[in-house]
file work_14.txt (compact mmCIF, C-alpha atoms)
# COMPACT_ATOMS: atom_id res chain seq x y z
CA LYS A 1 -19.05 160.10 20.80
CA GLN A 2 -19.65 163.61 22.10
CA GLU A 3 -16.94 166.11 21.27
CA VAL A 4 -16.77 169.53 22.90
CA THR A 5 -14.78 172.38 21.40
CA GLN A 6 -14.05 175.76 22.93
CA ILE A 7 -12.86 178.65 20.84
CA PRO A 8 -10.73 180.65 21.32
CA ALA A 9 -8.22 178.77 23.44
CA ALA A 10 -7.04 182.05 24.92
CA LEU A 11 -8.40 185.57 25.03
CA SER A 12 -6.99 188.83 26.32
CA VAL A 13 -9.24 191.87 26.74
CA PRO A 14 -9.05 195.27 28.43
CA GLU A 15 -11.00 195.79 31.63
CA GLY A 16 -14.61 196.87 31.12
CA GLU A 17 -15.10 195.10 27.81
CA ASN A 18 -18.03 192.77 27.22
CA LEU A 19 -16.96 189.39 25.89
CA VAL A 20 -18.32 186.09 24.63
CA LEU A 21 -16.85 182.64 25.10
CA ASN A 22 -17.96 179.87 22.78
CA CYS A 23 -18.63 176.18 23.30
CA SER A 24 -19.73 173.79 20.56
CA PHE A 25 -20.70 170.15 20.80
CA THR A 26 -21.30 167.49 18.18
CA ASP A 27 -24.27 165.56 19.59
CA SER A 28 -27.31 167.74 20.23
CA ALA A 29 -29.04 165.10 22.38
CA ILE A 30 -27.85 166.56 25.65
CA TYR A 31 -29.22 166.47 29.20
CA ASN A 32 -27.64 169.72 30.40
CA LEU A 33 -24.62 171.97 29.92
CA GLN A 34 -22.56 173.51 32.69
CA TRP A 35 -20.03 176.34 32.62
CA PHE A 36 -17.14 176.26 35.06
CA ARG A 37 -14.37 178.60 36.07
CA GLN A 38 -10.92 177.28 37.01
CA ASP A 39 -8.27 179.45 38.68
CA PRO A 40 -4.63 178.34 38.51
CA GLY A 41 -3.93 175.54 40.94
CA LYS A 42 -7.56 175.35 41.97
CA GLY A 43 -10.54 173.16 41.33
CA LEU A 44 -13.48 173.95 39.11
CA THR A 45 -16.18 176.33 40.31
CA SER A 46 -19.63 175.95 38.79
CA LEU A 47 -20.92 179.17 37.24
CA LEU A 48 -24.13 178.25 35.44
CA LEU A 49 -26.08 175.11 34.66
CA ILE A 50 -28.49 175.09 31.72
CA GLN A 51 -30.95 172.22 31.42
CA SER A 52 -31.73 170.95 27.92
CA SER A 53 -35.19 172.53 28.06
CA GLN A 54 -33.79 175.98 28.84
CA ARG A 55 -32.42 178.61 26.47
CA GLU A 56 -30.39 180.67 28.91
CA GLN A 57 -29.34 181.22 32.50
CA THR A 58 -28.12 184.39 34.17
CA SER A 59 -26.06 185.06 37.27
CA GLY A 60 -24.90 188.59 37.93
CA ARG A 61 -22.70 189.71 35.03
CA LEU A 62 -22.77 186.25 33.47
CA ASN A 63 -25.27 184.99 30.93
CA ALA A 64 -25.12 181.57 29.33
CA SER A 65 -27.20 180.60 26.32
CA LEU A 66 -27.90 177.22 24.80
CA ASP A 67 -28.90 176.34 21.25
CA LYS A 68 -29.16 172.57 21.09
CA SER A 69 -30.12 172.40 17.44
CA SER A 70 -26.91 174.09 16.37
CA GLY A 71 -24.82 172.45 19.10
CA ARG A 72 -23.67 175.71 20.61
CA SER A 73 -23.51 177.51 23.92
CA THR A 74 -22.11 180.91 24.71
CA LEU A 75 -21.00 182.48 27.97
CA TYR A 76 -21.39 186.24 27.97
CA ILE A 77 -19.44 188.26 30.52
CA ALA A 78 -20.47 191.88 30.91
CA ALA A 79 -18.13 194.64 32.01
CA SER A 80 -15.16 192.35 32.49
CA GLN A 81 -12.88 192.81 35.52
CA PRO A 82 -9.33 191.64 36.26
CA GLY A 83 -10.83 189.21 38.78
CA ASP A 84 -12.55 187.44 35.91
CA SER A 85 -9.16 186.21 34.67
CA ALA A 86 -9.29 182.41 34.75
CA THR A 87 -9.88 179.42 32.50
CA TYR A 88 -13.52 178.83 31.58
CA LEU A 89 -14.67 175.32 30.73
CA CYS A 90 -17.94 174.02 29.43
CA ALA A 91 -19.16 170.53 30.22
CA VAL A 92 -21.83 168.74 28.23
CA ASN A 93 -23.90 166.03 29.88
CA SER A 94 -25.17 163.69 27.19
CA GLY A 95 -27.24 161.61 29.57
CA GLY A 96 -25.95 160.12 32.77
CA TYR A 97 -22.99 161.41 34.69
CA GLN A 98 -20.57 159.07 32.98
CA LYS A 99 -21.24 160.94 29.77
CA VAL A 100 -20.12 164.38 30.87
CA THR A 101 -17.62 165.65 28.33
CA PHE A 102 -15.46 168.68 29.06
CA GLY A 103 -13.96 171.15 26.63
CA ILE A 104 -10.29 172.09 26.96
CA GLY A 105 -11.29 175.56 28.10
CA THR A 106 -10.72 179.20 27.19
CA LYS A 107 -8.02 181.00 29.15
CA LEU A 108 -9.20 184.56 29.77
CA GLN A 109 -6.99 187.43 30.79
CA VAL A 110 -8.58 190.79 31.65
CA ILE A 111 -6.01 193.56 31.59
CA PRO A 112 -6.44 196.45 34.07
CA ASP B 1 -20.53 173.41 53.99
CA ALA B 2 -16.78 172.96 53.49
CA GLY B 3 -17.23 171.70 49.96
CA VAL B 4 -15.48 168.68 48.49
CA ILE B 5 -12.27 168.02 50.42
CA GLN B 6 -9.30 166.28 48.84
CA SER B 7 -6.00 165.22 50.34
CA PRO B 8 -3.15 165.50 49.88
CA ARG B 9 -2.92 168.72 47.84
CA HIS B 10 0.43 167.67 46.44
CA GLU B 11 2.06 164.27 46.18
CA VAL B 12 5.55 163.57 44.90
CA THR B 13 6.57 159.95 44.69
CA GLU B 14 8.95 157.66 42.89
CA MET B 15 8.00 155.31 40.12
CA GLY B 16 6.76 152.00 41.46
CA GLN B 17 5.41 153.38 44.72
CA GLU B 18 1.80 153.14 45.79
CA VAL B 19 -0.20 156.36 45.81
CA THR B 20 -3.50 156.89 47.63
CA LEU B 21 -5.65 159.95 47.02
CA ARG B 22 -8.53 160.76 49.33
CA CYS B 23 -11.84 162.54 48.95
CA LYS B 24 -14.66 163.64 51.22
CA PRO B 25 -17.75 164.63 49.21
CA ILE B 26 -20.30 167.25 50.20
CA SER B 27 -22.66 165.89 52.84
CA GLY B 28 -25.91 164.71 51.29
CA HIS B 29 -24.53 164.25 47.79
CA ASN B 30 -25.16 160.77 46.47
CA SER B 31 -22.79 160.78 43.49
CA LEU B 32 -19.00 160.95 43.50
CA PHE B 33 -16.63 161.25 40.56
CA TRP B 34 -12.88 160.97 40.09
CA TYR B 35 -11.37 162.99 37.21
CA ARG B 36 -7.85 163.37 35.89
CA GLN B 37 -6.69 166.59 34.24
CA THR B 38 -3.69 166.92 31.94
CA MET B 39 -2.66 169.58 29.47
CA MET B 40 -2.89 167.16 26.58
CA ARG B 41 -6.21 165.47 27.32
CA GLY B 42 -8.05 167.95 29.52
CA LEU B 43 -10.48 166.52 32.07
CA GLU B 44 -11.18 162.81 31.86
CA LEU B 45 -13.68 160.91 33.98
CA LEU B 46 -12.02 157.91 35.62
CA ILE B 47 -14.83 156.42 37.69
CA TYR B 48 -18.26 157.34 39.04
CA PHE B 49 -20.05 156.14 42.19
CA ASN B 50 -23.74 156.44 42.97
CA ASN B 51 -24.85 155.71 46.54
CA ASN B 52 -21.35 154.31 47.24
CA VAL B 53 -21.59 151.79 44.38
CA PRO B 54 -19.23 152.02 41.39
CA ILE B 55 -21.37 152.59 38.32
CA ASP B 56 -18.87 153.07 35.52
CA ASP B 57 -15.12 152.54 35.74
CA SER B 58 -14.50 152.42 32.01
CA GLY B 59 -12.34 155.52 32.28
CA MET B 60 -9.85 153.90 34.63
CA PRO B 61 -6.74 153.65 32.47
CA GLU B 62 -5.31 150.37 33.72
CA ASP B 63 -5.51 147.73 36.41
CA ARG B 64 -2.97 149.76 38.32
CA PHE B 65 -5.81 152.13 39.19
CA SER B 66 -8.49 151.25 41.72
CA ALA B 67 -11.12 153.24 43.61
CA LYS B 68 -13.26 152.54 46.62
CA MET B 69 -16.08 154.24 48.43
CA PRO B 70 -16.60 152.43 51.74
CA ASN B 71 -19.20 154.94 52.94
CA ALA B 72 -21.06 158.04 51.85
CA SER B 73 -18.43 160.40 53.22
CA PHE B 74 -15.16 158.94 51.97
CA SER B 75 -13.54 157.68 48.78
CA THR B 76 -10.03 156.72 47.74
CA LEU B 77 -8.24 156.45 44.42
CA LYS B 78 -5.20 154.20 44.50
CA ILE B 79 -2.43 153.79 41.96
CA GLN B 80 -0.16 150.79 42.40
CA PRO B 81 2.47 150.78 41.05
CA SER B 82 2.70 154.41 39.99
CA GLU B 83 4.39 155.48 36.73
CA PRO B 84 5.66 158.87 35.50
CA ARG B 85 2.81 159.04 32.95
CA ASP B 86 0.36 159.08 35.86
CA SER B 87 1.54 162.59 36.73
CA ALA B 88 -1.49 164.85 36.56
CA VAL B 89 -4.01 166.69 38.69
CA TYR B 90 -6.65 164.37 40.10
CA PHE B 91 -9.99 165.88 40.99
CA CYS B 92 -12.85 164.53 43.02
CA ALA B 93 -16.34 165.91 42.46
CA SER B 94 -19.72 165.24 44.01
CA SER B 95 -23.27 165.88 42.99
CA SER B 96 -26.81 165.58 44.24
CA SER B 97 -29.72 164.48 42.11
CA ALA B 98 -29.99 168.07 40.84
CA GLY B 99 -27.05 167.36 38.57
CA LYS B 100 -24.67 170.22 39.35
CA LEU B 101 -21.08 169.09 39.82
CA PHE B 102 -18.99 170.43 42.71
CA PHE B 103 -15.24 169.94 42.52
CA GLY B 104 -12.52 169.66 45.13
CA SER B 105 -9.25 171.57 44.86
CA GLY B 106 -7.46 168.58 43.39
CA THR B 107 -4.31 166.59 44.11
CA GLN B 108 -1.23 167.46 42.07
CA LEU B 109 0.57 164.15 41.55
CA SER B 110 4.16 163.98 40.36
CA VAL B 111 5.70 160.56 39.77
CA LEU B 112 9.46 160.75 39.30

call {"tool": "encode", "arguments": {"input": "work_14.txt", "output": "structure tokens"}}
result
Amino acid sequence: KQEVTQIPAALSVPEGENLVLNCSFTDSAIYNLQWFRQDPGKGLTSLLLIQSSQREQTSGRLNASLDKSSGRSTLYIAASQPGDSATYLCAVNSGGYQKVTFGIGTKLQVIP
Amino acid sequence: DAGVIQSPRHEVTEMGQEVTLRCKPISGHNSLFWYRQTMMRGLELLIYFNNNVPIDDSGMPEDRFSAKMPNASFSTLKIQPSEPRDSAVYFCASSSSAGKLFFGSGTQLSVL
């Protein structure tokens, strides 16, 4: 059974700092990995999708990397802004949509 | 596109009552998912449809839960009878064959 862990559970940083969010998974036989952002009382917004054959994906100030062999993914946020404050979740697809496993998320607060 | 549309946004009901949650997926998406989110368990997949056909309902907690997708643009999740432990946020998501999940804003369910 796939297990997804996100550390830390919460993170508070000053505005402008670069930061890294971590996601680890137990079964390296994955189809893809997706990073989401969730604002309070809102749904999940897809940030980046990395296919199993890819090593990283970039969108603006966000960069996600994937290392299947070690069962790890990182989400790098450059020059953080208060608007980045949200909960970030990673979702691992182990093959077929019914096997998408979510982490609990990292709650990020960027202090002005 | 308006994205995935869920209704109602909030539902407060008494134990034993029937609850119906509704979802309109993104036009052209052929897969639809119902998730439940709680603080304790995070996001859990309840059921998944592909081309309007239920593929995997192993995540549906009990017979009190049922889901239908009568056509490509509409799905319902019904709880009958509802119980306080069903209180959670219920999300609907849709996806095309590309694999990226798009979530609705969710329904906050409170069963008193």

call {"tool": "atom_distance", "arguments": {"input": "work_14.txt", "atom1": "CA of Gln51 (chain A)", "atom2": "CA of Lys1 (chain A)"}}
result
20.0 Å

call {"tool": "residues_around", "arguments": {"input": "work_14.txt", "residues": "region 95-111 of chain B", "least_positions_apart": "3", "cutoff": "8 Å", "atoms": "only C-alpha atoms", "output": "MDAnalysis selection string"}}
result
(chainID A and resid 34 41:46 49) or (chainID B and resid 3:15 21 26 28:32 82:92)

call {"tool": "closest_atom_pairs", "arguments": {"input": "work_14.txt", "of": "chain A", "to": "chain B", "cutoff": "10 Å", "atoms": "all atoms listed in the file", "output": "tab-separated table"}}
result
residue	atom	partner	partner_atom	distance
A:Tyr31	CA	B:Gly99	CA	9.7
A:Asn32	CA	B:Gly99	CA	8.5
A:Leu33	CA	B:Lys100	CA	9.6
A:Gln34	CA	B:Lys100	CA	7.7
A:Phe36	CA	B:Leu101	CA	9.5
A:Gln38	CA	B:Ser105	CA	9.8
A:Gly41	CA	B:Ser105	CA	7.7
A:Lys42	CA	B:Ser105	CA	5.0
A:Gly43	CA	B:Ser105	CA	4.1
A:Leu44	CA	B:Phe103	CA	5.6
A:Thr45	CA	B:Phe103	CA	6.8
A:Ser46	CA	B:Phe102	CA	6.8
A:Leu47	CA	B:Lys100	CA	9.9
A:Leu48	CA	B:Lys100	CA	8.9
A:Leu49	CA	B:Lys100	CA	6.9
A:Ile50	CA	B:Lys100	CA	9.8
A:Gln51	CA	B:Gly99	CA	9.5
A:Leu89	CA	B:Leu43	CA	9.8
A:Ala91	CA	B:Leu43	CA	9.7
A:Asn93	CA	B:Gly99	CA	9.3
A:Gly96	CA	B:Gly99	CA	9.3
A:Tyr97	CA	B:Tyr48	CA	7.6
A:Gln98	CA	B:Tyr48	CA	6.7
A:Lys99	CA	B:Leu45	CA	8.7
A:Val100	CA	B:Leu45	CA	7.9
A:Thr101	CA	B:Glu44	CA	7.9
A:Phe102	CA	B:Leu43	CA	6.2
A:Gly103	CA	B:Gly42	CA	7.3
A:Ile104	CA	B:Gly42	CA	5.4
A:Gly105	CA	B:Gly42	CA	8.4

call {"tool": "closest_residue", "arguments": {"input": "work_14.txt", "among": "B:Val53, B:Ala2, B:Phe65, B:Gly16", "to": "Leu112 (chain B)", "atoms": "all atoms listed in the file"}}
result
B:Gly16

call {"tool": "atom_distance", "arguments": {"input": "work_14.txt", "atom1": "CA of Arg64 (chain B)", "atom2": "CA of Pro81 (chain B)"}}
result
6.2 Å

call {"tool": "residues_near_point", "arguments": {"input": "work_14.txt", "point": "(-16.2, 197.7, 30.5)", "cutoff": "6 Å", "atoms": "all atoms listed in the file", "output": "ChimeraX atom specification"}}
result
/A:15-17,79-80

call {"tool": "atom_distance", "arguments": {"input": "work_14.txt", "atom1": "CA of Arg72 (chain A)", "atom2": "CA of Ala9 (chain A)"}}
result
16.0 Å

call {"tool": "closest_residue", "arguments": {"input": "work_14.txt", "among": "A:Arg55, A:Lys68, A:Arg37, A:Arg61", "to": "Ser94 (chain A)", "atoms": "only C-alpha atoms"}}
result
A:Lys68

call {"tool": "closest_residue", "arguments": {"input": "work_14.txt", "among": "A:Gln57, A:Ser70, A:Ser52, A:Gln109", "to": "Pro14 (chain A)", "atoms": "only C-alpha atoms"}}
result
A:Gln109

call {"tool": "build_atoms", "arguments": {"input": "work_14.txt", "residues": "region 23-42 of chain A", "atoms": "N, CA and C atoms", "output": "tab-separated table (two decimals), in the coordinates of the input"}}
result
chain	number	residue	atom	x	y	z
A	23	CYS	N	-18.72	177.62	23.06
A	23	CYS	CA	-18.63	176.18	23.30
A	23	CYS	C	-19.50	175.49	22.25
A	24	SER	N	-18.94	174.54	21.54
A	24	SER	CA	-19.73	173.79	20.56
A	24	SER	C	-19.62	172.30	20.86
A	25	PHE	N	-20.68	171.59	20.54
A	25	PHE	CA	-20.70	170.15	20.80
A	25	PHE	C	-21.33	169.44	19.60
A	26	THR	N	-20.94	168.19	19.42
A	26	THR	CA	-21.30	167.49	18.18
A	26	THR	C	-22.63	166.76	18.26
A	27	ASP	N	-23.03	166.31	19.44
A	27	ASP	CA	-24.27	165.56	19.59
A	27	ASP	C	-25.27	166.43	20.33
A	28	SER	N	-26.34	166.80	19.65
A	28	SER	CA	-27.31	167.74	20.23
A	28	SER	C	-28.24	167.10	21.26
A	29	ALA	N	-28.18	165.79	21.41
A	29	ALA	CA	-29.04	165.10	22.38
A	29	ALA	C	-28.39	165.18	23.76
A	30	ILE	N	-28.52	166.37	24.37
A	30	ILE	CA	-27.85	166.56	25.65
A	30	ILE	C	-28.87	166.66	26.77
A	31	TYR	N	-28.39	166.41	27.99
A	31	TYR	CA	-29.22	166.47	29.20
A	31	TYR	C	-29.10	167.87	29.82
A	32	ASN	N	-27.87	168.35	29.94
A	32	ASN	CA	-27.64	169.72	30.40
A	32	ASN	C	-26.24	170.15	30.00
A	33	LEU	N	-25.94	171.42	30.21
A	33	LEU	CA	-24.62	171.97	29.92
A	33	LEU	C	-24.24	172.86	31.09
A	34	GLN	N	-23.01	172.75	31.53
A	34	GLN	CA	-22.56	173.51	32.69
A	34	GLN	C	-21.30	174.27	32.35
A	35	TRP	N	-21.23	175.52	32.77
A	35	TRP	CA	-20.03	176.34	32.62
A	35	TRP	C	-19.31	176.40	33.96
A	36	PHE	N	-17.98	176.23	33.88
A	36	PHE	CA	-17.14	176.26	35.06
A	36	PHE	C	-16.06	177.32	34.89
A	37	ARG	N	-15.54	177.74	36.02
A	37	ARG	CA	-14.37	178.60	36.07
A	37	ARG	C	-13.28	177.85	36.84
A	38	GLN	N	-12.05	177.91	36.32
A	38	GLN	CA	-10.92	177.28	37.01
A	38	GLN	C	-9.80	178.29	37.15
A	39	ASP	N	-9.42	178.59	38.40
A	39	ASP	CA	-8.27	179.45	38.68
A	39	ASP	C	-7.03	178.58	38.78
A	40	PRO	N	-5.87	179.14	38.48
A	40	PRO	CA	-4.63	178.34	38.51
A	40	PRO	C	-4.43	177.61	39.83
A	41	GLY	N	-4.17	176.33	39.75
A	41	GLY	CA	-3.93	175.54	40.94
A	41	GLY	C	-5.16	175.25	41.78
A	42	LYS	N	-6.31	175.54	41.22
A	42	LYS	CA	-7.56	175.35	41.97
A	42	LYS	C	-8.46	174.36	41.26
